[in-house]
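For reference, data04.pdb is printed below; it contains PDB, C-alpha atoms and all ligand atoms.
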ATOM      1  CA  MET X   1      -7.493  -1.335 -27.806
ATOM      2  CA  ILE X   2      -7.517   1.498 -25.280
ATOM      3  CA  PHE X   3      -7.566   0.238 -21.690
ATOM      4  CA  ASP X   4      -9.715   1.989 -19.104
ATOM      5  CA  ALA X   5      -6.766   1.762 -16.717
ATOM      6  CA  ILE X   6      -3.258   0.356 -16.534
ATOM      7  CA  VAL X   7      -1.670  -0.451 -13.178
ATOM      8  CA  VAL X   8       2.131  -0.561 -13.209
ATOM      9  CA  GLY X   9       3.656  -2.510 -10.302
ATOM     10  CA  LEU X  10       1.707  -5.412  -8.779
ATOM     11  CA  GLY X  11       2.849  -5.529  -5.165
ATOM     12  CA  ALA X  12       0.498  -4.896  -2.221
ATOM     13  CA  MET X  13      -0.738  -1.639  -3.714
ATOM     14  CA  GLY X  14      -0.991  -2.568  -7.367
ATOM     15  CA  SER X  15      -2.602  -5.986  -6.913
ATOM     16  CA  ALA X  16      -5.298  -4.385  -4.726
ATOM     17  CA  ALA X  17      -5.823  -1.555  -7.225
ATOM     18  CA  LEU X  18      -6.115  -3.968 -10.136
ATOM     19  CA  TYR X  19      -8.547  -6.215  -8.278
ATOM     20  CA  GLN X  20     -10.811  -3.303  -7.327
ATOM     21  CA  LEU X  21     -10.702  -1.857 -10.851
ATOM     22  CA  SER X  22     -11.532  -5.245 -12.358
ATOM     23  CA  LYS X  23     -14.830  -5.209 -10.474
ATOM     24  CA  GLN X  24     -15.789  -2.110 -12.454
ATOM     25  CA  THR X  25     -14.407  -2.939 -15.894
ATOM     26  CA  PRO X  26     -12.568  -5.856 -17.510
ATOM     27  CA  HIS X  27     -10.559  -3.458 -19.712
ATOM     28  CA  VAL X  28      -7.733  -3.100 -17.217
ATOM     29  CA  LEU X  29      -4.136  -4.207 -17.459
ATOM     30  CA  GLY X  30      -1.645  -4.908 -14.682
ATOM     31  CA  LEU X  31       2.089  -4.913 -15.451
ATOM     32  CA  ASP X  32       5.080  -5.917 -13.390
ATOM     33  CA  GLN X  33       8.767  -6.116 -14.190
ATOM     34  CA  PHE X  34       8.941  -9.403 -12.211
ATOM     35  CA  SER X  35       6.391 -12.113 -11.459
ATOM     36  CA  PRO X  36       4.536 -11.157  -8.248
ATOM     37  CA  PRO X  37       4.597 -12.275  -5.567
ATOM     38  CA  HIS X  38       8.390 -12.142  -5.750
ATOM     39  CA  THR X  39      11.251 -11.583  -3.331
ATOM     40  CA  LEU X  40      12.553  -8.276  -4.689
ATOM     41  CA  GLY X  41       9.933  -5.724  -3.576
ATOM     42  CA  SER X  42       8.506  -4.530  -0.278
ATOM     43  CA  THR X  43       5.669  -7.064  -0.137
ATOM     44  CA  HIS X  44       7.922 -10.095   0.193
ATOM     45  CA  GLY X  45       7.532 -12.522   3.112
ATOM     46  CA  GLU X  46       4.882 -14.312   5.111
ATOM     47  CA  THR X  47       3.587 -11.693   7.540
ATOM     48  CA  ARG X  48       2.651  -8.031   7.721
ATOM     49  CA  ILE X  49       1.102  -6.669  10.897
ATOM     50  CA  THR X  50      -2.261  -4.952  10.519
ATOM     51  CA  ARG X  51      -4.565  -3.100  12.878
ATOM     52  CA  GLN X  52      -7.516  -0.736  12.812
ATOM     53  CA  ALA X  53      -6.423   2.356  14.784
ATOM     54  CA  ILE X  54      -3.608   3.812  12.721
ATOM     55  CA  GLY X  55      -0.936   5.824  14.544
ATOM     56  CA  GLU X  56       0.418   7.185  11.274
ATOM     57  CA  GLY X  57      -2.771   9.270  10.993
ATOM     58  CA  ALA X  58      -6.428   8.895  11.941
ATOM     59  CA  HIS X  59      -7.384   9.640   8.320
ATOM     60  CA  PHE X  60      -6.115   6.141   7.448
ATOM     61  CA  VAL X  61      -8.628   4.453   9.776
ATOM     62  CA  PRO X  62     -11.544   4.260   7.284
ATOM     63  CA  LEU X  63      -9.159   2.631   4.797
ATOM     64  CA  ALA X  64      -7.971   0.139   7.410
ATOM     65  CA  LEU X  65     -11.533  -0.731   8.415
ATOM     66  CA  ARG X  66     -12.513  -1.219   4.779
ATOM     67  CA  SER X  67      -9.458  -3.426   4.223
ATOM     68  CA  TYR X  68     -10.682  -5.805   6.937
ATOM     69  CA  GLN X  69     -13.972  -6.166   5.036
ATOM     70  CA  ILE X  70     -12.153  -6.779   1.757
ATOM     71  CA  TRP X  71      -9.876  -9.475   3.219
ATOM     72  CA  ARG X  72     -12.868 -11.312   4.665
ATOM     73  CA  GLU X  73     -14.797 -11.004   1.373
ATOM     74  CA  LEU X  74     -11.799 -12.379  -0.525
ATOM     75  CA  GLU X  75     -11.413 -15.229   1.947
ATOM     76  CA  GLN X  76     -15.056 -16.165   1.495
ATOM     77  CA  GLN X  77     -14.830 -16.022  -2.300
ATOM     78  CA  THR X  78     -11.626 -18.035  -2.584
ATOM     79  CA  GLY X  79     -11.241 -20.182   0.512
ATOM     80  CA  GLU X  80      -7.753 -18.689   1.042
ATOM     81  CA  HIS X  81      -6.661 -17.679   4.526
ATOM     82  CA  LEU X  82      -5.305 -14.117   4.380
ATOM     83  CA  LEU X  83      -5.922 -12.363   7.710
ATOM     84  CA  THR X  84      -5.091 -13.858  11.119
ATOM     85  CA  ILE X  85      -6.376 -12.054  14.201
ATOM     86  CA  THR X  86      -3.996 -12.312  17.156
ATOM     87  CA  GLY X  87      -4.637  -9.122  19.130
ATOM     88  CA  GLY X  88      -1.877  -6.524  19.190
ATOM     89  CA  LEU X  89      -0.098  -4.739  22.037
ATOM     90  CA  PHE X  90       1.526  -1.344  21.425
ATOM     91  CA  VAL X  91       3.644   0.111  24.203
ATOM     92  CA  GLY X  92       5.016   3.586  24.871
ATOM     93  CA  GLN X  93       5.682   6.162  27.554
ATOM     94  CA  THR X  94       2.697   7.868  29.163
ATOM     95  CA  ALA X  95       3.196  11.414  28.036
ATOM     96  CA  SER X  96       5.705  10.886  25.302
ATOM     97  CA  TYR X  97       5.504  12.062  21.720
ATOM     98  CA  GLN X  98       7.871   9.296  20.746
ATOM     99  CA  PRO X  99       7.893   8.891  16.970
ATOM    100  CA  MET X 100       7.344   5.677  15.064
ATOM    101  CA  HIS X 101       7.453   5.405  11.281
ATOM    102  CA  ASN X 102       8.549   9.067  11.410
ATOM    103  CA  LYS X 103       5.247  10.080  13.053
ATOM    104  CA  PRO X 104       5.633  11.914  16.371
ATOM    105  CA  GLY X 105       3.087  10.880  18.987
ATOM    106  CA  TRP X 106       2.310   7.594  17.212
ATOM    107  CA  LEU X 107       0.849   5.882  20.296
ATOM    108  CA  ARG X 108      -1.177   8.950  21.228
ATOM    109  CA  THR X 109      -2.629   9.160  17.696
ATOM    110  CA  THR X 110      -3.423   5.455  17.855
ATOM    111  CA  ILE X 111      -5.365   5.859  21.100
ATOM    112  CA  GLU X 112      -7.215   8.951  19.852
ATOM    113  CA  ALA X 113      -8.083   7.201  16.586
ATOM    114  CA  ALA X 114      -9.459   4.195  18.489
ATOM    115  CA  GLU X 115     -11.615   6.470  20.638
ATOM    116  CA  THR X 116     -12.849   8.530  17.670
ATOM    117  CA  PHE X 117     -13.789   5.502  15.568
ATOM    118  CA  GLY X 118     -15.055   3.276  18.391
ATOM    119  CA  ILE X 119     -12.382   0.616  17.815
ATOM    120  CA  ALA X 120     -12.369  -2.051  20.542
ATOM    121  CA  HIS X 121      -9.281  -1.652  22.719
ATOM    122  CA  ARG X 122      -7.986  -1.800  26.282
ATOM    123  CA  MET X 123      -5.514   0.530  27.981
ATOM    124  CA  LEU X 124      -3.009  -1.029  30.362
ATOM    125  CA  ASP X 125      -0.916   0.799  32.966
ATOM    126  CA  THR X 126       2.563  -0.421  33.886
ATOM    127  CA  VAL X 127       1.228  -2.698  36.618
ATOM    128  CA  ALA X 128      -1.266  -4.348  34.256
ATOM    129  CA  LEU X 129       1.374  -4.647  31.527
ATOM    130  CA  ARG X 130       3.759  -6.436  33.900
ATOM    131  CA  ARG X 131       0.996  -8.719  35.133
ATOM    132  CA  GLU X 132      -0.424  -9.652  31.713
ATOM    133  CA  PHE X 133       2.780  -9.695  29.686
ATOM    134  CA  PRO X 134       5.509 -10.861  32.098
ATOM    135  CA  GLN X 135       7.753 -11.909  29.214
ATOM    136  CA  PHE X 136       8.586  -8.229  28.557
ATOM    137  CA  ASN X 137      10.751  -5.894  30.627
ATOM    138  CA  PHE X 138       8.597  -2.725  30.765
ATOM    139  CA  ARG X 139       9.932   0.658  31.859
ATOM    140  CA  THR X 140       8.338   2.749  34.584
ATOM    141  CA  ASN X 141       5.570   4.871  33.049
ATOM    142  CA  ASP X 142       5.095   2.511  30.099
ATOM    143  CA  ILE X 143       1.496   2.234  29.022
ATOM    144  CA  GLY X 144      -0.020  -0.309  26.681
ATOM    145  CA  TYR X 145      -2.700  -0.049  24.020
ATOM    146  CA  TYR X 146      -4.177  -3.459  23.273
ATOM    147  CA  GLU X 147      -6.289  -3.828  20.142
ATOM    148  CA  LYS X 148      -8.305  -7.012  20.001
ATOM    149  CA  GLU X 149      -8.705  -7.096  16.213
ATOM    150  CA  ALA X 150      -5.038  -6.475  15.352
ATOM    151  CA  GLY X 151      -3.287  -9.292  13.561
ATOM    152  CA  PHE X 152      -1.286 -10.122  10.497
ATOM    153  CA  LEU X 153      -1.748 -10.702   6.796
ATOM    154  CA  ASN X 154       0.073 -13.085   4.537
ATOM    155  CA  PRO X 155       1.197 -10.459   2.002
ATOM    156  CA  GLU X 156       2.303 -12.782  -0.782
ATOM    157  CA  ARG X 157      -0.960 -14.713  -0.623
ATOM    158  CA  CYS X 158      -2.856 -11.399  -0.653
ATOM    159  CA  ILE X 159      -1.105 -10.489  -3.906
ATOM    160  CA  SER X 160      -1.674 -13.800  -5.668
ATOM    161  CA  THR X 161      -5.306 -14.009  -4.521
ATOM    162  CA  GLN X 162      -6.098 -10.496  -5.743
ATOM    163  CA  LEU X 163      -4.336 -11.029  -9.066
ATOM    164  CA  ASP X 164      -6.215 -14.325  -9.567
ATOM    165  CA  GLN X 165      -9.527 -12.655  -8.790
ATOM    166  CA  ALA X 166      -8.743  -9.705 -11.038
ATOM    167  CA  GLN X 167      -8.036 -12.083 -13.905
ATOM    168  CA  LYS X 168     -11.252 -13.977 -13.187
ATOM    169  CA  ASN X 169     -13.037 -10.643 -13.579
ATOM    170  CA  GLY X 170     -11.414 -10.221 -17.003
ATOM    171  CA  ALA X 171      -8.344  -8.109 -16.191
ATOM    172  CA  SER X 172      -5.139  -8.748 -18.140
ATOM    173  CA  VAL X 173      -1.910  -9.335 -16.230
ATOM    174  CA  ARG X 174       1.517  -9.187 -17.839
ATOM    175  CA  THR X 175       4.534 -10.159 -15.771
ATOM    176  CA  ASN X 176       8.270  -9.917 -16.464
ATOM    177  CA  GLU X 177       7.507  -6.797 -18.452
ATOM    178  CA  ARG X 178       9.049  -3.505 -17.412
ATOM    179  CA  MET X 179       7.518  -0.112 -18.050
ATOM    180  CA  LEU X 180      10.116   2.201 -19.543
ATOM    181  CA  ALA X 181       8.162   5.404 -20.074
ATOM    182  CA  PHE X 182       4.762   6.964 -20.601
ATOM    183  CA  GLU X 183       3.465  10.071 -22.281
ATOM    184  CA  SER X 184       0.078  11.747 -22.441
ATOM    185  CA  LYS X 185      -1.686  13.192 -25.464
ATOM    186  CA  GLY X 186      -5.106  14.625 -24.760
ATOM    187  CA  ALA X 187      -7.088  12.178 -22.679
ATOM    188  CA  ILE X 188      -5.005   9.167 -23.707
ATOM    189  CA  LEU X 189      -1.763   7.964 -22.137
ATOM    190  CA  THR X 190       0.718   5.800 -23.996
ATOM    191  CA  VAL X 191       2.717   3.356 -21.904
ATOM    192  CA  ARG X 192       5.911   1.911 -23.358
ATOM    193  CA  THR X 193       7.386  -1.262 -21.879
ATOM    194  CA  ASP X 194      10.387  -3.365 -22.861
ATOM    195  CA  GLN X 195       7.991  -5.539 -24.884
ATOM    196  CA  ALA X 196       5.058  -3.491 -26.177
ATOM    197  CA  THR X 197       3.199  -0.197 -26.269
ATOM    198  CA  TYR X 198      -0.255   0.244 -24.699
ATOM    199  CA  GLN X 199      -2.837   3.002 -24.577
ATOM    200  CA  THR X 200      -4.985   3.836 -21.595
ATOM    201  CA  ARG X 201      -7.336   6.452 -20.182
ATOM    202  CA  LYS X 202      -5.898   6.204 -16.662
ATOM    203  CA  LEU X 203      -2.488   5.198 -15.422
ATOM    204  CA  ILE X 204      -1.795   4.090 -11.855
ATOM    205  CA  LEU X 205       1.848   3.876 -10.801
ATOM    206  CA  THR X 206       2.274   1.570  -7.808
ATOM    207  CA  THR X 207       5.947   0.836  -8.281
ATOM    208  CA  GLY X 208       6.914   1.122  -4.601
ATOM    209  CA  SER X 209      10.511   2.099  -4.045
ATOM    210  CA  TRP X 210      11.118   2.170  -7.800
ATOM    211  CA  ILE X 211       8.882   5.240  -8.031
ATOM    212  CA  THR X 212      11.686   7.789  -7.815
ATOM    213  CA  GLU X 213      13.559   6.113 -10.644
ATOM    214  CA  LEU X 214      10.424   6.202 -12.811
ATOM    215  CA  LEU X 215       9.591   9.776 -11.884
ATOM    216  CA  ARG X 216      13.083  10.953 -12.535
ATOM    217  CA  LYS X 217      13.120   9.322 -15.950
ATOM    218  CA  THR X 218       9.572  10.000 -17.024
ATOM    219  CA  LEU X 219       7.716  12.718 -15.168
ATOM    220  CA  THR X 220      10.365  15.364 -15.324
ATOM    221  CA  MET X 221      10.425  14.995 -19.065
ATOM    222  CA  THR X 222       6.686  14.623 -19.487
ATOM    223  CA  PHE X 223       5.472  17.459 -17.322
ATOM    224  CA  PHE X 224       8.328  19.874 -17.110
ATOM    225  CA  GLY X 225      10.117  19.193 -20.346
ATOM    226  CA  CYS X 226      13.393  18.940 -18.508
ATOM    227  CA  THR X 227      15.612  16.279 -17.073
ATOM    228  CA  GLY X 228      17.876  16.782 -14.125
ATOM    229  CA  ARG X 229      17.723  15.432 -10.615
ATOM    230  CA  TYR X 230      15.163  16.360  -8.033
ATOM    231  CA  TYR X 231      14.322  15.276  -4.537
ATOM    232  CA  THR X 232      11.137  14.893  -2.559
ATOM    233  CA  GLY X 233      10.097  18.385  -1.561
ATOM    234  CA  LEU X 234       8.581  21.239  -3.399
ATOM    235  CA  LEU X 235       9.151  19.951  -6.894
ATOM    236  CA  PHE X 236       7.727  16.571  -6.008
ATOM    237  CA  ARG X 237       4.630  18.255  -4.602
ATOM    238  CA  ILE X 238       4.265  20.327  -7.759
ATOM    239  CA  THR X 239       4.541  17.132  -9.763
ATOM    240  CA  ILE X 240       1.738  15.512  -7.825
ATOM    241  CA  ILE X 241      -0.451  18.609  -8.125
ATOM    242  CA  SER X 242       0.146  18.724 -11.878
ATOM    243  CA  ILE X 243      -0.866  15.116 -12.172
ATOM    244  CA  HIS X 244      -4.070  15.663 -10.283
ATOM    245  CA  LEU X 245      -4.916  18.594 -12.522
ATOM    246  CA  ILE X 246      -4.459  16.448 -15.573
ATOM    247  CA  GLY X 247      -6.551  13.868 -13.804
ATOM    248  CA  SER X 248      -5.363  10.721 -15.518
ATOM    249  CA  LEU X 249      -2.347   9.599 -13.547
ATOM    250  CA  TYR X 250      -2.339   8.365  -9.972
ATOM    251  CA  LEU X 251       0.679   7.622  -7.788
ATOM    252  CA  PHE X 252       0.897   5.528  -4.607
TER
HETATM  253  C1  LIG K 301      10.701  -5.503   6.021
HETATM  254  C2  LIG K 301       9.381  -4.806   5.907
HETATM  255  C3  LIG K 301       8.436  -4.971   6.891
HETATM  256  C4  LIG K 301       7.204  -4.332   6.791
HETATM  257  N1  LIG K 301       6.253  -4.535   7.764
HETATM  258  C5  LIG K 301       5.016  -4.032   7.589
HETATM  259  C6  LIG K 301       3.972  -4.408   8.481
HETATM  260  O1  LIG K 301       4.170  -5.178   9.423
HETATM  261  N2  LIG K 301       2.737  -3.891   8.248
HETATM  262  C7  LIG K 301       2.484  -3.059   7.188
HETATM  263  O2  LIG K 301       1.332  -2.636   7.020
HETATM  264  N3  LIG K 301       3.453  -2.707   6.330
HETATM  265  C8  LIG K 301       4.697  -3.190   6.496
HETATM  266  N4  LIG K 301       5.674  -2.889   5.600
HETATM  267  C9  LIG K 301       5.340  -2.006   4.497
HETATM  268  C10 LIG K 301       4.611  -2.769   3.384
HETATM  269  O3  LIG K 301       5.158  -4.064   3.231
HETATM  270  C11 LIG K 301       4.778  -1.966   2.125
HETATM  271  O4  LIG K 301       4.185  -0.678   2.333
HETATM  272  C12 LIG K 301       4.088  -2.592   0.931
HETATM  273  O5  LIG K 301       4.504  -3.929   0.756
HETATM  274  C13 LIG K 301       4.429  -1.746  -0.281
HETATM  275  O6  LIG K 301       3.829  -2.331  -1.392
HETATM  276  P1  LIG K 301       4.006  -1.662  -2.806
HETATM  277  O7  LIG K 301       3.036  -2.338  -3.709
HETATM  278  O8  LIG K 301       3.963  -0.183  -2.697
HETATM  279  O9  LIG K 301       5.535  -1.995  -3.232
HETATM  280  P2  LIG K 301       6.190  -3.349  -3.779
HETATM  281  O10 LIG K 301       5.676  -4.548  -3.083
HETATM  282  O11 LIG K 301       7.679  -3.148  -3.764
HETATM  283  O12 LIG K 301       5.680  -3.418  -5.282
HETATM  284  C14 LIG K 301       6.147  -2.584  -6.292
HETATM  285  C15 LIG K 301       6.103  -3.394  -7.581
HETATM  286  O13 LIG K 301       6.372  -2.525  -8.682
HETATM  287  C16 LIG K 301       7.107  -3.271  -9.635
HETATM  288  N5  LIG K 301       7.778  -2.310 -10.520
HETATM  289  C17 LIG K 301       8.652  -1.340 -10.148
HETATM  290  N6  LIG K 301       9.045  -0.630 -11.218
HETATM  291  C18 LIG K 301       8.421  -1.159 -12.310
HETATM  292  C19 LIG K 301       8.438  -0.863 -13.710
HETATM  293  N7  LIG K 301       9.183   0.132 -14.215
HETATM  294  N8  LIG K 301       7.685  -1.625 -14.540
HETATM  295  C20 LIG K 301       6.922  -2.634 -14.042
HETATM  296  N9  LIG K 301       6.886  -2.966 -12.730
HETATM  297  C21 LIG K 301       7.617  -2.232 -11.867
HETATM  298  C22 LIG K 301       8.054  -4.101  -8.782
HETATM  299  O14 LIG K 301       8.552  -5.221  -9.493
HETATM  300  C23 LIG K 301       7.151  -4.516  -7.627
HETATM  301  O15 LIG K 301       6.519  -5.753  -7.852
HETATM  302  C24 LIG K 301       6.926  -3.495   5.680
HETATM  303  C25 LIG K 301       7.891  -3.329   4.681
HETATM  304  C26 LIG K 301       9.100  -3.970   4.783
HETATM  305  C27 LIG K 301      10.107  -3.793   3.693
END
Spell out the structure here as structure tokens.
Amino acid sequence: MIFDAIVVGLGAMGSAALYQLSKQTPHVLGLDQFSPPHTLGSTHGETRITRQAIGEGAHFVPLALRSYQIWRELEQQTGEHLLTITGGLFVGQTASYQPMHNKPGWLRTTIEAAETFGIAHRMLDTVALRREFPQFNFRTNDIGYYEKEAGFLNPERCISTQLDQAQKNGASVRTNERMLAFESKGAILTVRTDQATYQTRKLILTTGSWITELLRKTLTMTFFGCTGRYYTGLLFRITIISIHLIGSLYLF
């Protein structure tokens, strides 16, 4: 059998990808080296903050807004509780370009994104911050961005719910199975794991922090015919561009 798509890595990214794909076709396979949700990846734990205006870049806002719809749809379908709305306060200096998550001007981008996309929020000056949130010791010139719909997700429950739903839609899930390598021939990709070999038209690698290990072992050989170490930078960008040209491999 040739799968329409294989998703390797079933954390936050892969479980969501598999679930969405399974709505389009049952001929999809999800693989993970462990049994998600597990304690060894980035999606471990009981909470992950979420919000609608994204300081890492306004281009993420449509994705964030869509994710709110998906969580609520999943909750309705399954009865699981995934998203808790608490409201979220983000604080920074008035005119500062202070970075967060390596993004300079994170708070400024957040505010601009909220204004551009009409996301409900309130701005608080230092006086209002001290009045409304006396438990914190604010600095002079601190300002606050308060987003009413911010909250948190239960990430492990999000994974298991999406994998369950994907399987209900006909997707196959194989856990405790590690992908070792892949190669492409024409329009078909062959994926080799420690237990089997599969063929697919599309391959999605959502292996989180394991991605560099996989790329080093597989992509350099597949696309450049060479081994050797490389780092994020020009070569990595070339790799991504090559993949998009081939059009059958996606990385997250
Ligand atoms: C401590 C912490 C706090 C965070 N807080 C927030 C937050 O508040 N809000 C927020 O939005 N984000 C937060 N993040 C970021 C967010 O949790 C991650 O971006 C997200 O969980 C990444 O998911 P992922 O699917 O890419 O990776 P992972 O969850 O690590 O999944 C990758 C999967 O790939 C599998 N895999 C790897 N290699 C192979 C292979 N060769 N074969 C088969 N399977 C393989 C692994 O077993 C794993 O299950 C936080 C992250 C951390 C670590």
Next item on the list: For atom CA of X:Ala53 and atom CA of X:Ala114, quote the distance in Å rounded to one decimal.
Entry: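 Distance between the two atoms: 5.1 Å.
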Next item on the list: Run the PyMOL selection byres (((not hetatm)) within 8 of (chain K and resi 301)) on the file and write out the hits as a ChimeraX atom specification.
Entry: /X:8-15,31-38,40-44,47-50,152,155,176-181,193,206-211,214,252
Next item on the list: Could you please determine the separation between atom CA of X:Ala166 and atom CA of X:Tyr19 in Å, to one decimal place?
Entry: 4.5 Å
Next item on the list: Point out the residue among X:Gln135, X:Gln52, X:Ser160, X:Asn141 with the least atom-to-atom distance to X:Thr110, counting all atoms listed in the file.
Entry: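 Closest to X:Thr110, using all atoms listed in the file: X:Gln52.
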Near X:Arg157, within 10 Å and counting all atoms listed in the file, which residues show up once chain neighbours fewer than 3 positions away are dropped, as a short mmCIF file (atom, residue, chain, number, x, y, z; two decimals) with C-alpha atoms, in the frame of the given file?
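Generated file (result-v2.cif):
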data_model
loop_
_atom_site.label_atom_id
_atom_site.label_comp_id
_atom_site.auth_asym_id
_atom_site.auth_seq_id
_atom_site.Cartn_x
_atom_site.Cartn_y
_atom_site.Cartn_z
CA PRO X 37 4.60 -12.28 -5.57
CA GLY X 45 7.53 -12.52 3.11
CA GLU X 46 4.88 -14.31 5.11
CA THR X 47 3.59 -11.69 7.54
CA GLU X 80 -7.75 -18.69 1.04
CA HIS X 81 -6.66 -17.68 4.53
CA LEU X 82 -5.30 -14.12 4.38
CA LEU X 83 -5.92 -12.36 7.71
CA LEU X 153 -1.75 -10.70 6.80
CA ASN X 154 0.07 -13.08 4.54
CA SER X 160 -1.67 -13.80 -5.67
CA THR X 161 -5.31 -14.01 -4.52
CA GLN X 162 -6.10 -10.50 -5.74
CA LEU X 163 -4.34 -11.03 -9.07
#
Next item on the list: Just the residues within 8 Å of X:Val7, please, counting all atoms listed in the file, with nothing from its chain fewer than 4 positions along; format it as a list in words.
Entry: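 So, after excluding close chain neighbours, the residues are Gly14, Ala17, Leu18, Val28, Leu29, Gly30, Leu31, Leu203, Ile204, Leu205 and Thr206 of chain X.
Taking atom CA of X:Thr175 and atom CA of X:Ser67 as the two end points, the separation is 25.3 Å.
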